[in-house]
$ cat my_file_0.cif   # mmCIF, C-alpha atoms
data_protein
loop_
_atom_site.label_atom_id
_atom_site.label_comp_id
_atom_site.auth_asym_id
_atom_site.auth_seq_id
_atom_site.Cartn_x
_atom_site.Cartn_y
_atom_site.Cartn_z
CA MET A 773 33.39 -22.73 3.59
CA GLY A 774 32.78 -26.00 5.31
CA ASP A 775 32.43 -29.35 3.59
CA ASN A 776 28.68 -29.48 4.33
CA THR A 777 27.91 -26.09 2.82
CA PRO A 778 26.24 -26.47 -0.57
CA ILE A 779 27.18 -24.49 -3.62
CA ILE A 780 24.11 -24.10 -5.78
CA SER A 781 24.67 -23.39 -9.47
CA LEU A 782 21.94 -21.67 -11.42
CA PRO A 783 21.74 -20.82 -15.10
CA ALA A 784 21.43 -17.15 -15.94
CA THR A 785 17.86 -16.92 -17.19
CA PRO A 786 16.95 -13.32 -17.95
CA PRO A 787 13.33 -12.34 -17.38
CA THR A 788 11.00 -11.91 -20.33
CA PHE A 789 9.49 -8.50 -20.94
CA GLN A 790 6.27 -9.51 -19.18
CA GLU A 791 8.21 -10.82 -16.16
CA TYR A 792 10.42 -7.72 -16.11
CA GLN A 793 7.37 -5.46 -16.19
CA LEU A 794 5.60 -7.48 -13.48
CA ILE A 795 8.71 -7.46 -11.25
CA HIS A 796 9.07 -3.70 -11.45
CA GLN A 797 5.34 -3.04 -11.08
CA THR A 798 5.37 -5.23 -7.96
CA GLN A 799 8.34 -3.28 -6.61
CA GLN A 800 6.44 -0.06 -7.28
CA ARG A 801 3.41 -1.34 -5.34
CA GLN A 802 5.70 -2.40 -2.46
CA ARG A 803 7.38 1.01 -2.48
CA TYR A 804 3.99 2.77 -2.38
CA PRO A 805 1.59 0.56 -0.39
CA GLU A 806 -1.19 3.13 -0.65
CA LEU A 807 -1.40 2.24 -4.34
CA ALA A 808 -1.63 -1.51 -3.65
CA ASN A 809 -5.42 -1.60 -3.90
CA GLN A 810 -5.38 -0.45 -7.51
CA GLN A 811 -6.01 -2.74 -10.44
CA LYS A 812 -3.71 -5.59 -11.35
CA PRO A 813 -0.66 -4.92 -13.54
CA ALA A 814 -0.98 -4.61 -17.29
CA THR A 815 0.58 -8.02 -17.79
CA SER A 816 -2.37 -9.92 -16.36
CA ASP A 817 -4.71 -11.23 -19.03
CA PRO A 818 -8.09 -10.10 -17.58
CA TRP A 819 -6.78 -6.56 -17.32
CA LYS A 820 -5.56 -6.62 -20.91
CA ARG A 821 -8.98 -7.77 -22.09
CA LYS A 822 -10.67 -4.97 -20.18
CA VAL A 823 -8.31 -2.37 -21.64
CA ARG A 824 -8.88 -3.68 -25.16
CA LEU A 825 -12.64 -3.73 -24.63
CA TRP A 826 -12.73 -0.16 -23.30
CA LEU A 827 -10.41 1.10 -26.01
CA GLY A 828 -12.70 -0.48 -28.60
CA VAL A 829 -15.78 1.06 -26.98
CA LEU A 830 -14.07 4.44 -26.77
CA ALA A 831 -12.90 4.22 -30.39
CA GLY A 832 -16.45 3.40 -31.47
CA ALA A 833 -17.85 6.24 -29.39
CA ALA A 834 -15.20 8.61 -30.72
CA GLY A 835 -16.07 7.68 -34.28
CA TYR A 836 -19.76 8.18 -33.62
CA PHE A 837 -19.36 11.55 -31.94
CA ILE A 838 -16.88 12.83 -34.48
CA TRP A 839 -19.09 11.95 -37.45
CA PHE A 840 -22.59 12.50 -36.07
CA GLU A 841 -22.69 14.73 -32.98
CA PRO A 842 -19.63 16.88 -32.27
CA ALA A 843 -18.74 18.78 -29.07
CA GLY A 844 -20.61 19.04 -25.76
CA GLY A 845 -19.77 17.26 -22.50
CA VAL A 846 -19.13 14.06 -24.38
CA GLY A 847 -16.25 15.77 -26.18
CA TYR A 848 -14.52 16.25 -22.82
CA LEU A 849 -15.11 12.59 -21.96
CA LEU A 850 -13.60 11.62 -25.29
CA VAL A 851 -10.52 13.79 -24.74
CA PHE A 852 -10.12 12.38 -21.21
CA SER A 853 -10.40 8.81 -22.52
CA VAL A 854 -7.88 9.40 -25.28
CA PHE A 855 -5.35 10.88 -22.85
CA THR A 856 -5.90 7.98 -20.43
CA ALA A 857 -5.20 5.49 -23.21
CA LEU A 858 -2.13 7.48 -24.25
CA GLY A 859 -0.92 7.46 -20.63
CA LEU A 860 -1.21 3.67 -20.43
CA LEU A 861 0.58 3.33 -23.74
CA TYR A 862 3.35 5.65 -22.52
CA GLN A 863 3.76 3.60 -19.32
CA TRP A 864 4.09 0.42 -21.41
CA TRP A 865 6.62 2.16 -23.68
CA GLU A 866 8.72 3.25 -20.67
CA TYR A 867 8.85 -0.32 -19.34
CA ARG A 868 9.75 -1.56 -22.83
CA ARG A 869 12.53 1.03 -23.16
CA ALA A 870 14.00 0.09 -19.75
CA PHE A 871 13.79 -3.60 -20.64
CA LEU A 872 15.64 -3.05 -23.93
CA GLN A 873 18.35 -1.12 -22.07
CA TYR A 874 18.65 -4.03 -19.64
CA GLN A 875 18.98 -6.48 -22.56
CA ARG A 876 21.78 -4.43 -24.16
CA ARG A 877 23.95 -4.82 -21.07
CA PRO A 878 26.30 -7.80 -20.97
CA GLN A 879 24.41 -10.74 -19.52
CA PRO A 880 25.96 -13.27 -17.12
CA LEU A 881 26.17 -16.91 -18.12
CA GLY A 882 25.44 -18.40 -14.71
CA PHE A 883 25.49 -18.02 -10.96
CA ARG A 884 26.82 -19.94 -7.98
CA VAL A 885 25.20 -19.26 -4.64
CA ALA A 886 27.17 -20.25 -1.54
CA GLU A 887 27.27 -19.26 2.10
CA ALA A 888 30.28 -17.02 1.41
CA GLY A 889 28.62 -15.11 -1.41
CA LEU A 890 27.58 -15.02 -5.02
CA ALA A 891 29.78 -15.93 -7.96
CA VAL A 892 28.73 -14.58 -11.35
CA GLN A 893 30.02 -16.24 -14.51
CA TRP A 894 30.88 -13.96 -17.43
CA LEU A 895 32.57 -14.72 -20.74
CA GLN A 896 35.84 -13.45 -19.20
CA GLY A 897 35.56 -15.61 -16.08
CA TRP A 898 34.02 -15.55 -12.64
CA GLN A 899 33.29 -12.48 -10.52
CA ARG A 900 32.88 -13.12 -6.81
CA LEU A 901 30.72 -10.96 -4.57
CA ARG A 902 30.61 -11.47 -0.83
CA TRP A 903 27.13 -11.04 0.66
CA PRO A 904 28.12 -7.88 2.58
CA ASN A 905 29.10 -6.29 -0.76
CA LEU A 906 25.50 -6.43 -1.96
CA THR A 907 23.41 -3.42 -1.04
CA ARG A 908 20.01 -5.12 -1.23
CA VAL A 909 18.37 -8.48 -1.83
CA GLN A 910 14.72 -8.64 -2.79
CA GLN A 911 12.45 -11.53 -3.66
CA VAL A 912 9.69 -10.67 -6.10
CA GLY A 913 7.58 -13.70 -6.90
CA ASP A 914 9.81 -16.37 -8.42
CA TRP A 915 12.71 -13.95 -8.89
CA LEU A 916 15.51 -13.03 -6.54
CA LEU A 917 16.99 -9.61 -7.24
CA LEU A 918 20.56 -9.11 -5.99
CA TYR A 919 21.78 -5.51 -6.04
CA PRO A 920 25.57 -4.94 -6.05
CA GLY A 921 24.80 -1.22 -6.42
CA PRO A 922 21.82 1.11 -6.51
CA ASP A 923 21.25 1.05 -10.27
CA PHE A 924 21.87 -2.58 -11.23
CA CYS A 925 20.71 -5.99 -10.13
CA TYR A 926 21.19 -9.62 -11.00
CA TYR A 927 17.97 -11.52 -11.68
CA LEU A 928 18.00 -15.09 -10.34
CA ASP A 929 15.07 -17.23 -11.44
CA LEU A 930 14.29 -19.37 -8.39
CA ARG A 931 12.34 -21.78 -10.62
CA GLN A 932 15.71 -22.77 -12.17
CA VAL A 933 17.24 -24.10 -8.94
CA PRO A 934 18.50 -27.61 -9.80
CA ALA A 935 17.42 -30.67 -7.84
CA PRO A 936 17.99 -31.72 -5.09
CA TYR A 937 17.97 -28.07 -3.99
CA THR A 938 14.99 -25.74 -3.86
CA ALA A 939 14.43 -22.00 -3.77
CA VAL A 940 14.21 -22.31 0.02
CA ASP A 941 17.80 -23.61 0.09
CA VAL A 942 19.02 -20.59 -1.90
CA LEU A 943 17.18 -18.21 0.40
CA ALA A 944 18.55 -20.05 3.44
CA LEU A 945 22.15 -19.59 2.23
CA ILE A 946 21.57 -15.86 1.92
CA GLY A 947 19.48 -15.62 5.08
CA LYS A 948 22.21 -17.14 7.25
CA GLN A 949 24.23 -14.03 6.62
CA GLU A 950 21.77 -11.74 8.40
CA VAL A 951 22.23 -13.73 11.60
CA SER A 952 25.99 -14.17 11.50
CA GLY A 953 27.13 -10.72 10.48
CA PRO A 954 26.68 -7.84 8.08
CA ALA A 955 24.62 -8.74 5.07
CA PRO A 956 22.46 -7.24 2.39
CA THR A 957 19.14 -5.78 3.37
CA PHE A 958 16.17 -7.98 2.54
CA ALA A 959 13.39 -5.87 1.11
CA SER A 960 9.87 -7.19 1.21
#
$ encode --input "my_file_0.cif" --output "structure tokens"
Amino acid sequence: MGDNTPIISLPATPPTFQEYQLIHQTQQRQRYPELANQQKPATSDPWKRKVRLWLGVLAGAAGYFIWFEPAGGVGYLLVFSVFTALGLLYQWWEYRRAFLQYQRRPQPLGFRVAEAGLAVQWLQGWQRLRWPNLTRVQQVGDWLLLYPGPDFCYYLDLRQVPAPYTAVDVLALIGKQEVSGPAPTFAS
């Protein structure tokens, strides 16, 4: 490394459950662009209000039809609505389960981003990863996901980049690698 090359230190700030869910829902929409025109993710407030409103309406309708007018075509609508609500609840539960598994893994204490690679601070010391050793780098909103393997990634919160540096400086350090030699694949 040259004398002019910055080394940017970032704290390890793990994503909250809502951020984790939004990151992975965004990745899912990027993976399947044909689904991109669907409603916003469950973590957005207007969507939550709509779901709560419709669940309340459906619960009221279910109560009415169960007590006063059973069966008919409305019974099928009720069953469909209940299974839709259960499907949304199951999707939320799956994200929650994956997030809890992520939290149980040892978490890094900090990161150093340099032109040569990424250094990850653990309780036992520093682990250095050269950029070519990463299999994929993906920016999702304010988060930079660095994949040293197919099933694991480091989450770097680009909002935590200390002054005088910015998220653009971090991305520039990583982006230089694509021009000068082998580097991780940037996914969009």
$ resolve_selection --input "my_file_0.cif" --expression "the PyMOL selection byres ((chain A and resi 789) around 9)" --output "VMD selection string"
chain A and resid 787 to 788 790 to 794 867 to 868 871 to 872
$ atom_distance --input "my_file_0.cif" --atom1 "atom CA of A:Ala888" --atom2 "atom CA of A:Arg900"
9.5 Å
$ resolve_selection --input "my_file_0.cif" --expression "the PyMOL selection byres ((chain A and resi 885) around 12)" --output "JSON, numbers by chain"
{"A": [777, 778, 779, 780, 781, 782, 783, 882, 883, 884, 886, 887, 888, 889, 890, 891, 892, 893, 900, 901, 902, 903, 916, 918, 928, 930, 933, 934, 937, 939, 941, 942, 943, 944, 945, 946, 947]}
$ axis_aligned_box --input "my_file_0.cif" --around "stretch 928-940 of chain A" --padding-each-side "3 Å" --output "AutoDock Vina command-line options"
--center_x 15.4 --center_y -23.4 --center_z -6.1 --size_x 12.2 --size_y 22.6 --size_z 18.2
$ closest_atom_pairs --input "my_file_0.cif" --of "stretch 854-947 of chain A" --to "stretch 800-804 of chain A" --cutoff "12 Å" --atoms "all atoms listed in the file" --output "Markdown table"
| residue | atom | partner | partner_atom | distance |
| --- | --- | --- | --- | --- |
| A:Gln910 | CA | A:Gln802 | CA | 11.0 |
| A:Gln911 | CA | A:Gln802 | CA | 11.4 |
| A:Val912 | CA | A:Gln802 | CA | 9.9 |
$ atom_distance --input "my_file_0.cif" --atom1 "atom CA of A:Trp894" --atom2 "atom CA of A:Pro880"
5.0 Å
$ atom_distance --input "my_file_0.cif" --atom1 "atom CA of A:Leu830" --atom2 "atom CA of A:Gly859"
14.8 Å
$ residues_around --input "my_file_0.cif" --residues "A:Thr856" --least-positions-apart "6" --cutoff "10 Å" --atoms "all atoms listed in the file" --output "list in words"
Leu827, Leu850 and Tyr862 of chain A
$ write_last_selection --input "my_file_0.cif" --atoms "C-alpha atoms" --output "PDB file, in the coordinates of the input"
ATOM      1  CA  LEU A 827     -10.410   1.100 -26.010  1.00  0.00           C
ATOM      2  CA  LEU A 850     -13.600  11.620 -25.290  1.00  0.00           C
ATOM      3  CA  TYR A 862       3.350   5.650 -22.520  1.00  0.00           C
TER       4      TYR A 862
END
$ residues_around --input "my_file_0.cif" --residues "A:Asp929" --least-positions-apart "2" --cutoff "7 Å" --atoms "only C-alpha atoms" --output "short mmCIF file (atom, residue, chain, number, x, y, z; two decimals) with C-alpha atoms, in the frame of the given file"
data_model
loop_
_atom_site.label_atom_id
_atom_site.label_comp_id
_atom_site.auth_asym_id
_atom_site.auth_seq_id
_atom_site.Cartn_x
_atom_site.Cartn_y
_atom_site.Cartn_z
CA THR A 785 17.86 -16.92 -17.19
CA ASP A 914 9.81 -16.37 -8.42
CA TRP A 915 12.71 -13.95 -8.89
CA LEU A 916 15.51 -13.03 -6.54
CA TYR A 927 17.97 -11.52 -11.68
CA ARG A 931 12.34 -21.78 -10.62
CA GLN A 932 15.71 -22.77 -12.17
#
$ closest_residue --input "my_file_0.cif" --among "A:Leu906, A:Val940, A:Ile795, A:Val823" --to "A:Leu860" --atoms "all atoms listed in the file"
A:Val823
$ closest_residue --input "my_file_0.cif" --among "A:Pro786, A:Pro920, A:Leu825, A:Pro904" --to "A:Gln875" --atoms "only C-alpha atoms"
A:Pro786
$ decode --input "my_file_0.cif" --residues "stretch 868-897 of chain A" --atoms "N, CA, C and O atoms" --output "PDB file, in the first residue's frame"
ATOM      1  N   ARG A 868     -37.409 -14.028  10.399  1.00  0.00           N
ATOM      2  CA  ARG A 868     -37.041 -13.904  11.813  1.00  0.00           C
ATOM      3  C   ARG A 868     -36.099 -15.038  12.216  1.00  0.00           C
ATOM      4  O   ARG A 868     -35.115 -14.822  12.919  1.00  0.00           O
ATOM      5  N   ARG A 869     -36.408 -16.250  11.765  1.00  0.00           N
ATOM      6  CA  ARG A 869     -35.573 -17.411  12.095  1.00  0.00           C
ATOM      7  C   ARG A 869     -34.167 -17.250  11.507  1.00  0.00           C
ATOM      8  O   ARG A 869     -33.158 -17.500  12.169  1.00  0.00           O
ATOM      9  N   ALA A 870     -34.071 -16.801  10.250  1.00  0.00           N
ATOM     10  CA  ALA A 870     -32.768 -16.581   9.617  1.00  0.00           C
ATOM     11  C   ALA A 870     -32.006 -15.475  10.341  1.00  0.00           C
ATOM     12  O   ALA A 870     -30.789 -15.575  10.533  1.00  0.00           O
ATOM     13  N   PHE A 871     -32.703 -14.437  10.755  1.00  0.00           N
ATOM     14  CA  PHE A 871     -32.052 -13.337  11.473  1.00  0.00           C
ATOM     15  C   PHE A 871     -31.507 -13.821  12.821  1.00  0.00           C
ATOM     16  O   PHE A 871     -30.387 -13.464  13.209  1.00  0.00           O
ATOM     17  N   LEU A 872     -32.260 -14.635  13.538  1.00  0.00           N
ATOM     18  CA  LEU A 872     -31.791 -15.152  14.820  1.00  0.00           C
ATOM     19  C   LEU A 872     -30.584 -16.064  14.633  1.00  0.00           C
ATOM     20  O   LEU A 872     -29.662 -16.057  15.451  1.00  0.00           O
ATOM     21  N   GLN A 873     -30.566 -16.849  13.546  1.00  0.00           N
ATOM     22  CA  GLN A 873     -29.386 -17.666  13.254  1.00  0.00           C
ATOM     23  C   GLN A 873     -28.178 -16.783  12.979  1.00  0.00           C
ATOM     24  O   GLN A 873     -27.072 -17.074  13.427  1.00  0.00           O
ATOM     25  N   TYR A 874     -28.381 -15.710  12.242  1.00  0.00           N
ATOM     26  CA  TYR A 874     -27.304 -14.755  11.959  1.00  0.00           C
ATOM     27  C   TYR A 874     -26.776 -14.154  13.262  1.00  0.00           C
ATOM     28  O   TYR A 874     -25.569 -14.034  13.447  1.00  0.00           O
ATOM     29  N   GLN A 875     -27.671 -13.804  14.180  1.00  0.00           N
ATOM     30  CA  GLN A 875     -27.253 -13.194  15.447  1.00  0.00           C
ATOM     31  C   GLN A 875     -26.478 -14.166  16.332  1.00  0.00           C
ATOM     32  O   GLN A 875     -25.647 -13.741  17.122  1.00  0.00           O
ATOM     33  N   ARG A 876     -26.747 -15.460  16.220  1.00  0.00           N
ATOM     34  CA  ARG A 876     -26.051 -16.444  17.052  1.00  0.00           C
ATOM     35  C   ARG A 876     -24.611 -16.672  16.610  1.00  0.00           C
ATOM     36  O   ARG A 876     -23.801 -17.189  17.366  1.00  0.00           O
ATOM     37  N   ARG A 877     -24.296 -16.305  15.381  1.00  0.00           N
ATOM     38  CA  ARG A 877     -22.917 -16.449  14.900  1.00  0.00           C
ATOM     39  C   ARG A 877     -22.036 -15.424  15.604  1.00  0.00           C
ATOM     40  O   ARG A 877     -22.495 -14.347  15.986  1.00  0.00           O
ATOM     41  N   PRO A 878     -20.748 -15.733  15.746  1.00  0.00           N
ATOM     42  CA  PRO A 878     -19.847 -14.718  16.300  1.00  0.00           C
ATOM     43  C   PRO A 878     -19.862 -13.473  15.420  1.00  0.00           C
ATOM     44  O   PRO A 878     -19.834 -13.569  14.192  1.00  0.00           O
ATOM     45  N   GLN A 879     -19.940 -12.323  16.062  1.00  0.00           N
ATOM     46  CA  GLN A 879     -20.018 -11.058  15.335  1.00  0.00           C
ATOM     47  C   GLN A 879     -18.668 -10.344  15.387  1.00  0.00           C
ATOM     48  O   GLN A 879     -18.024 -10.292  16.439  1.00  0.00           O
ATOM     49  N   PRO A 880     -18.241  -9.762  14.268  1.00  0.00           N
ATOM     50  CA  PRO A 880     -16.982  -9.011  14.281  1.00  0.00           C
ATOM     51  C   PRO A 880     -17.114  -7.737  15.107  1.00  0.00           C
ATOM     52  O   PRO A 880     -18.220  -7.252  15.352  1.00  0.00           O
ATOM     53  N   LEU A 881     -15.967  -7.221  15.542  1.00  0.00           N
ATOM     54  CA  LEU A 881     -15.950  -5.997  16.335  1.00  0.00           C
ATOM     55  C   LEU A 881     -15.779  -4.753  15.466  1.00  0.00           C
ATOM     56  O   LEU A 881     -16.198  -3.666  15.845  1.00  0.00           O
ATOM     57  N   GLY A 882     -15.129  -4.917  14.326  1.00  0.00           N
ATOM     58  CA  GLY A 882     -14.887  -3.780  13.447  1.00  0.00           C
ATOM     59  C   GLY A 882     -14.288  -4.220  12.130  1.00  0.00           C
ATOM     60  O   GLY A 882     -13.960  -5.397  11.934  1.00  0.00           O
ATOM     61  N   PHE A 883     -14.177  -3.244  11.236  1.00  0.00           N
ATOM     62  CA  PHE A 883     -13.636  -3.500   9.903  1.00  0.00           C
ATOM     63  C   PHE A 883     -12.646  -2.411   9.533  1.00  0.00           C
ATOM     64  O   PHE A 883     -12.780  -1.268   9.977  1.00  0.00           O
ATOM     65  N   ARG A 884     -11.675  -2.772   8.715  1.00  0.00           N
ATOM     66  CA  ARG A 884     -10.784  -1.813   8.077  1.00  0.00           C
ATOM     67  C   ARG A 884     -10.815  -2.093   6.587  1.00  0.00           C
ATOM     68  O   ARG A 884     -10.540  -3.210   6.151  1.00  0.00           O
ATOM     69  N   VAL A 885     -11.151  -1.066   5.834  1.00  0.00           N
ATOM     70  CA  VAL A 885     -11.227  -1.192   4.381  1.00  0.00           C
ATOM     71  C   VAL A 885     -10.029  -0.461   3.802  1.00  0.00           C
ATOM     72  O   VAL A 885      -9.802   0.713   4.103  1.00  0.00           O
ATOM     73  N   ALA A 886      -9.256  -1.162   2.993  1.00  0.00           N
ATOM     74  CA  ALA A 886      -8.078  -0.577   2.346  1.00  0.00           C
ATOM     75  C   ALA A 886      -8.035  -1.051   0.902  1.00  0.00           C
ATOM     76  O   ALA A 886      -8.790  -1.936   0.496  1.00  0.00           O
ATOM     77  N   GLU A 887      -7.153  -0.485   0.145  1.00  0.00           N
ATOM     78  CA  GLU A 887      -7.018  -0.878  -1.259  1.00  0.00           C
ATOM     79  C   GLU A 887      -6.615  -2.338  -1.393  1.00  0.00           C
ATOM     80  O   GLU A 887      -7.021  -3.022  -2.324  1.00  0.00           O
ATOM     81  N   ALA A 888      -5.847  -2.842  -0.439  1.00  0.00           N
ATOM     82  CA  ALA A 888      -5.374  -4.227  -0.499  1.00  0.00           C
ATOM     83  C   ALA A 888      -6.458  -5.229  -0.121  1.00  0.00           C
ATOM     84  O   ALA A 888      -6.411  -6.380  -0.546  1.00  0.00           O
ATOM     85  N   GLY A 889      -7.425  -4.818   0.687  1.00  0.00           N
ATOM     86  CA  GLY A 889      -8.455  -5.758   1.094  1.00  0.00           C
ATOM     87  C   GLY A 889      -9.189  -5.316   2.334  1.00  0.00           C
ATOM     88  O   GLY A 889      -9.122  -4.153   2.755  1.00  0.00           O
ATOM     89  N   LEU A 890      -9.857  -6.256   2.926  1.00  0.00           N
ATOM     90  CA  LEU A 890     -10.681  -6.030   4.105  1.00  0.00           C
ATOM     91  C   LEU A 890     -10.021  -6.708   5.297  1.00  0.00           C
ATOM     92  O   LEU A 890      -9.568  -7.846   5.195  1.00  0.00           O
ATOM     93  N   ALA A 891      -9.968  -6.005   6.415  1.00  0.00           N
ATOM     94  CA  ALA A 891      -9.504  -6.604   7.660  1.00  0.00           C
ATOM     95  C   ALA A 891     -10.693  -6.623   8.617  1.00  0.00           C
ATOM     96  O   ALA A 891     -11.373  -5.610   8.805  1.00  0.00           O
ATOM     97  N   VAL A 892     -10.951  -7.788   9.195  1.00  0.00           N
ATOM     98  CA  VAL A 892     -12.075  -7.975  10.096  1.00  0.00           C
ATOM     99  C   VAL A 892     -11.517  -8.205  11.496  1.00  0.00           C
ATOM    100  O   VAL A 892     -10.675  -9.076  11.701  1.00  0.00           O
ATOM    101  N   GLN A 893     -11.993  -7.413  12.455  1.00  0.00           N
ATOM    102  CA  GLN A 893     -11.524  -7.544  13.829  1.00  0.00           C
ATOM    103  C   GLN A 893     -12.452  -8.467  14.610  1.00  0.00           C
ATOM    104  O   GLN A 893     -13.664  -8.252  14.672  1.00  0.00           O
ATOM    105  N   TRP A 894     -11.846  -9.500  15.207  1.00  0.00           N
ATOM    106  CA  TRP A 894     -12.555 -10.445  16.064  1.00  0.00           C
ATOM    107  C   TRP A 894     -11.967 -10.338  17.463  1.00  0.00           C
ATOM    108  O   TRP A 894     -10.936  -9.689  17.657  1.00  0.00           O
ATOM    109  N   LEU A 895     -12.559 -10.997  18.419  1.00  0.00           N
ATOM    110  CA  LEU A 895     -12.006 -11.017  19.777  1.00  0.00           C
ATOM    111  C   LEU A 895     -10.589 -11.583  19.790  1.00  0.00           C
ATOM    112  O   LEU A 895      -9.742 -11.151  20.559  1.00  0.00           O
ATOM    113  N   GLN A 896     -10.320 -12.559  18.897  1.00  0.00           N
ATOM    114  CA  GLN A 896      -9.019 -13.216  18.850  1.00  0.00           C
ATOM    115  C   GLN A 896      -7.977 -12.421  18.077  1.00  0.00           C
ATOM    116  O   GLN A 896      -6.800 -12.761  18.109  1.00  0.00           O
ATOM    117  N   GLY A 897      -8.392 -11.409  17.344  1.00  0.00           N
ATOM    118  CA  GLY A 897      -7.442 -10.638  16.542  1.00  0.00           C
ATOM    119  C   GLY A 897      -8.035 -10.269  15.195  1.00  0.00           C
ATOM    120  O   GLY A 897      -9.248 -10.311  14.996  1.00  0.00           O
TER     121      GLY A 897
END
